[in-house]
There are 2 protein chains.
Amino acid sequence: EILAAIEGHFAATAPRPLAGRRAVVTSGPTHEPIDPVRYIANRSSGKQGHAVAAALAALGAEVTLVSGPVSLVDPAGVRVVRVETAREMLQATLAALPADIAVMAAAVADWRVADAADTKLKKDGSGAPPPLGLALNPDILATVGHHAALRPALVVGFAAETGAVEIYAREKLARKGADLIVANDVSPASGVFGGDANTVHLVTAEGTETWPTLPKAEVGTRLAAWIAARLASATDL
Amino acid sequence: EILAAIEGHFAATAPRPLAGRRAVVTSGPTHEPIDPVRYIANRSSGKQGHAVAAALAALGAEVTLVSGPVSLVDPAGVRVVRVETAREMLQATLAALPADIAVMAAAVADWRVADAADTKLKKDGSGAPPPLGLALNPDILATVGHHAALRPALVVGFAAETGAVEIYAREKLARKGADLIVANDVSPASGVFGGDANTVHLVTAEGTETWPTLPKAEVGTRLAAWIAARLASATDL
């Protein structure tokens with residue numbers, strides 16, 4: 001509470017370049033049920049997405065954070081909507097529009113089990129695995145990036161890759177209709193998953209900017225500042 | 001720390017019927033990698049398994065807790081071994097033998113992906129899902145319950161079901177070589193997953209005992225007392 005009071009004090013005196021702006025941020029993994037007990041998930045602590053949401057709020061934005069299952073406390077001053085599946089995350093994200101800023105930092109499962117079982121699947125004794133019919137999940141970033149009526153002025157996606165990071169990120173930039181892809185290498189050796197540091201590349205139509213390895217909170221702060229500057233320059237045009 | 005000091009005080013004066021006994025407890029889910037980013041998991045907070053480990057330690061047992069990925073603090077006075085997959089859990093469990101008591105409370109994935117990818121699987125644009133070749137995981141409870149050389153004197157398994165709870169539990173008792181199956185209904189409506197309460201049925205060769213809905217910590221305490229009594233009576237024979 002003391003920390004919150006101090007933060008509140010500085011927040012009140014700090015510049016608030018995003019005051020009056022609305023932002024929607026997704027964070028964390030999605031869990032796609034196989035049956036009531038089992039699910040398919042992505043590795044994502046939600047630390048980076050939550051840090052971005054907190055940093056945008058600190059700059060004055062009105063932030064809705066759509067979060068998959070994580071073990072994090074809610075960032076102060078942010079409206080948090082909890083979801084589990086990709087489809088729920090899409091619905092909550094669209095419900096948060098219109099917004100000026102969308103930062104899609106969640107690790108959304110590409111696939112779900114088409115017909116999740118209502119009761120626990122049992123081994124049938126044959127040793128044969130249960131058939132898992134997979135269905136393609138909606139692409140939340142592409143849906144927002146290409147939204148005809150409600151596309152935010154600035155759409156930011158994240159790309160977690162295990163190699164060829166910039167190549168995949170640049171391909172995603174166009175295909176998903178994003179203004180910026182924040183790309184990082186999440187190979188096991190990187191320690192990014194669950195860790196507190198991140199090394200990101202900012203991929204835009206203009207080029208690629210690589211930041212040094214930074215705490216995820218600092219990446220969030222710098223990204224919020226980048227977003228504020230970009231929106232300000234866009235408004236100046 | 002004050003709490004720990006108080007607990008330490010009571011632990012020093014409380015009866016320690018399991019002093020000199022070794023126990024191995026598994027807890028939490030397993031995560032079975034699909035690729036560096038994705039995995040298959042079971043819903044399990046680890047609360048019940050961790051509570052049992054803490055309660056056995058409080059009665060004087062020397063406890064090794066083999067835990068899958070959970071968001072819980074380590075119970076005091078317990079040696080914790082962290083694992084991720086079912087195969088790692090089996091290895092760590094066997095490494096903790098010989099033991100007098102085995103309590104297999106983890107929600108172990110029945111299936112793993114046979115050939116987990118070293119790099120992130122990419123959508124191929126066809127809309128077709130990646131083939132997931134599943135392989136049967138080792139059955140940790142059955143391995144321990146039927147261990148020729150190192151079977152603990154008392155082997156306890158857990159059965160999380162979504163219906164026909166006692167029927168499945170009694171079938172498991174024999175097939176897995178367990179002395180006791182602690183069965184509970186984990187249907188979504190039960191609120192057991194992630195919740196703090198549990199309603200369990202103790203299924204043994206002698207019959208079934210149903211406990212009222214209790215906090216998971218209390219289920220742990222009662223179960224540790226049950227184990228201590230059972231071991232004492234076995235020793236008396």
# chains A, B, ... in the order shown; residues from 1 in each chain; ligands from 1

$ select_by_dssp --residues "stretch 9-231 of chain B" --states "strand (DSSP E or B)" --output "PyMOL selection string"
chain B and resi 22-27+29+31-33+38-42+62-67+79-82+101-104+107+111-113+134-136+154-161+180-185+197-198+200-204+207-210+214-215

$ interface_residues --of "chain A" --to "chain B" --cutoff "9 Å" --atoms "only C-alpha atoms" --output "PyMOL selection string"
chain A and resi 36-44+71+107+109-111+118-120+123+127-130+132-136+160-163+186-188+193

$ residues_around --residues "stretch 56-63 of chain A" --least-positions-apart "5" --cutoff "12 Å" --atoms "only C-alpha atoms" --output "number ranges by chain"
A: 4, 7-26, 49-51, 74-81, 93, 96-103, 217, 219-229

$ residues_around --residues "A:Arg87" --least-positions-apart "4" --cutoff "8 Å" --atoms "only C-alpha atoms" --output "list in words"
Gln91, Asn137 and Pro138 of chain A

$ write_last_selection --atoms "all heavy atoms" --output "compact mmCIF listing (two decimals), in the first residue's frame"
# COMPACT_ATOMS: atom_id res chain seq x y z
N GLN A 91 -13.22 -13.07 -27.80
CA GLN A 91 -14.48 -12.43 -27.44
C GLN A 91 -14.25 -11.25 -26.48
O GLN A 91 -14.78 -10.15 -26.69
CB GLN A 91 -15.38 -13.48 -26.77
CG GLN A 91 -16.84 -13.08 -26.62
CD GLN A 91 -17.69 -14.29 -26.24
OE1 GLN A 91 -17.23 -15.20 -25.54
NE2 GLN A 91 -18.93 -14.30 -26.70
N ASN A 137 -7.74 -22.49 -34.08
CA ASN A 137 -8.32 -21.42 -33.27
C ASN A 137 -8.39 -20.12 -34.07
O ASN A 137 -7.65 -19.96 -35.04
CB ASN A 137 -7.46 -21.20 -32.01
CG ASN A 137 -8.00 -21.92 -30.80
OD1 ASN A 137 -9.20 -22.15 -30.70
ND2 ASN A 137 -7.13 -22.27 -29.88
N PRO A 138 -9.24 -19.19 -33.65
CA PRO A 138 -9.23 -17.88 -34.30
C PRO A 138 -7.88 -17.19 -34.06
O PRO A 138 -7.24 -17.41 -33.04
CB PRO A 138 -10.36 -17.12 -33.60
CG PRO A 138 -10.56 -17.83 -32.30
CD PRO A 138 -10.22 -19.27 -32.56

$ closest_residue --among "B:Val203, B:Ala232, B:Leu90, B:Val192" --to "B:Lys216" --atoms "only C-alpha atoms"
B:Val192

$ select_by_dssp --residues "stretch 48-237 of chain B" --states "alpha helix (DSSP H)" --output "PyMOL selection string"
chain B and resi 48-58+86-95+140-145+165-175+216-236

$ write_last_selection --atoms "C-alpha atoms" --output "PDB file, in the first residue's frame"
ATOM      1  CA  GLN B  48      -3.865 -31.487  -1.931  1.00  0.00           C
ATOM      2  CA  GLY B  49      -0.557 -33.258  -2.522  1.00  0.00           C
ATOM      3  CA  HIS B  50       1.448 -30.497  -0.872  1.00  0.00           C
ATOM      4  CA  ALA B  51      -0.925 -30.587   2.109  1.00  0.00           C
ATOM      5  CA  VAL B  52      -0.373 -34.334   2.507  1.00  0.00           C
ATOM      6  CA  ALA B  53       3.408 -33.874   2.346  1.00  0.00           C
ATOM      7  CA  ALA B  54       3.287 -31.143   5.003  1.00  0.00           C
ATOM      8  CA  ALA B  55       1.035 -33.245   7.239  1.00  0.00           C
ATOM      9  CA  LEU B  56       3.280 -36.325   6.996  1.00  0.00           C
ATOM     10  CA  ALA B  57       6.293 -34.157   7.900  1.00  0.00           C
ATOM     11  CA  ALA B  58       4.373 -32.715  10.846  1.00  0.00           C
ATOM     12  CA  ALA B  86       5.691 -37.929 -16.150  1.00  0.00           C
ATOM     13  CA  ARG B  87       8.950 -39.657 -16.969  1.00  0.00           C
ATOM     14  CA  GLU B  88      10.896 -37.194 -14.817  1.00  0.00           C
ATOM     15  CA  MET B  89       8.368 -37.702 -12.037  1.00  0.00           C
ATOM     16  CA  LEU B  90       8.754 -41.485 -12.187  1.00  0.00           C
ATOM     17  CA  GLN B  91      12.536 -41.198 -12.072  1.00  0.00           C
ATOM     18  CA  ALA B  92      12.492 -38.816  -9.082  1.00  0.00           C
ATOM     19  CA  THR B  93       9.931 -40.997  -7.281  1.00  0.00           C
ATOM     20  CA  LEU B  94      11.984 -44.160  -7.735  1.00  0.00           C
ATOM     21  CA  ALA B  95      15.091 -42.254  -6.616  1.00  0.00           C
ATOM     22  CA  ILE B 140       3.926 -44.138 -11.631  1.00  0.00           C
ATOM     23  CA  LEU B 141       1.426 -45.441  -9.073  1.00  0.00           C
ATOM     24  CA  ALA B 142       1.353 -48.917 -10.613  1.00  0.00           C
ATOM     25  CA  THR B 143       5.149 -48.992 -10.894  1.00  0.00           C
ATOM     26  CA  VAL B 144       5.534 -48.178  -7.206  1.00  0.00           C
ATOM     27  CA  GLY B 145       2.604 -50.363  -6.113  1.00  0.00           C
ATOM     28  CA  VAL B 165     -15.859 -42.178  -8.693  1.00  0.00           C
ATOM     29  CA  GLU B 166     -15.936 -45.197  -6.372  1.00  0.00           C
ATOM     30  CA  ILE B 167     -16.203 -47.718  -9.182  1.00  0.00           C
ATOM     31  CA  TYR B 168     -13.105 -46.401 -10.907  1.00  0.00           C
ATOM     32  CA  ALA B 169     -11.268 -46.099  -7.590  1.00  0.00           C
ATOM     33  CA  ARG B 170     -11.937 -49.705  -6.602  1.00  0.00           C
ATOM     34  CA  GLU B 171     -10.788 -50.911 -10.000  1.00  0.00           C
ATOM     35  CA  LYS B 172      -7.592 -48.883  -9.585  1.00  0.00           C
ATOM     36  CA  LEU B 173      -6.925 -50.274  -6.112  1.00  0.00           C
ATOM     37  CA  ALA B 174      -6.205 -53.746  -7.464  1.00  0.00           C
ATOM     38  CA  ARG B 175      -4.758 -52.870 -10.819  1.00  0.00           C
ATOM     39  CA  LYS B 216      -7.531 -29.609   1.584  1.00  0.00           C
ATOM     40  CA  ALA B 217      -5.159 -28.910   4.492  1.00  0.00           C
ATOM     41  CA  GLU B 218      -7.520 -30.816   6.816  1.00  0.00           C
ATOM     42  CA  VAL B 219      -7.796 -33.695   4.330  1.00  0.00           C
ATOM     43  CA  GLY B 220      -3.998 -33.805   4.418  1.00  0.00           C
ATOM     44  CA  THR B 221      -3.882 -33.864   8.202  1.00  0.00           C
ATOM     45  CA  ARG B 222      -6.515 -36.596   8.464  1.00  0.00           C
ATOM     46  CA  LEU B 223      -4.876 -38.649   5.756  1.00  0.00           C
ATOM     47  CA  ALA B 224      -1.487 -38.440   7.501  1.00  0.00           C
ATOM     48  CA  ALA B 225      -3.149 -39.611  10.721  1.00  0.00           C
ATOM     49  CA  TRP B 226      -4.869 -42.457   8.824  1.00  0.00           C
ATOM     50  CA  ILE B 227      -1.514 -43.494   7.365  1.00  0.00           C
ATOM     51  CA  ALA B 228       0.187 -43.378  10.766  1.00  0.00           C
ATOM     52  CA  ALA B 229      -2.548 -45.519  12.310  1.00  0.00           C
ATOM     53  CA  ARG B 230      -2.459 -48.028   9.459  1.00  0.00           C
ATOM     54  CA  LEU B 231       1.317 -48.368   9.658  1.00  0.00           C
ATOM     55  CA  ALA B 232       1.164 -48.769  13.451  1.00  0.00           C
ATOM     56  CA  SER B 233      -1.443 -51.523  13.219  1.00  0.00           C
ATOM     57  CA  ALA B 234       0.520 -53.273  10.480  1.00  0.00           C
ATOM     58  CA  THR B 235       3.605 -53.196  12.696  1.00  0.00           C
ATOM     59  CA  ASP B 236       1.618 -54.619  15.594  1.00  0.00           C
TER      60      ASP B 236
END

$ atom_distance --atom1 "atom CA of A:Ile181" --atom2 "atom CA of A:Phe158"
5.3 Å
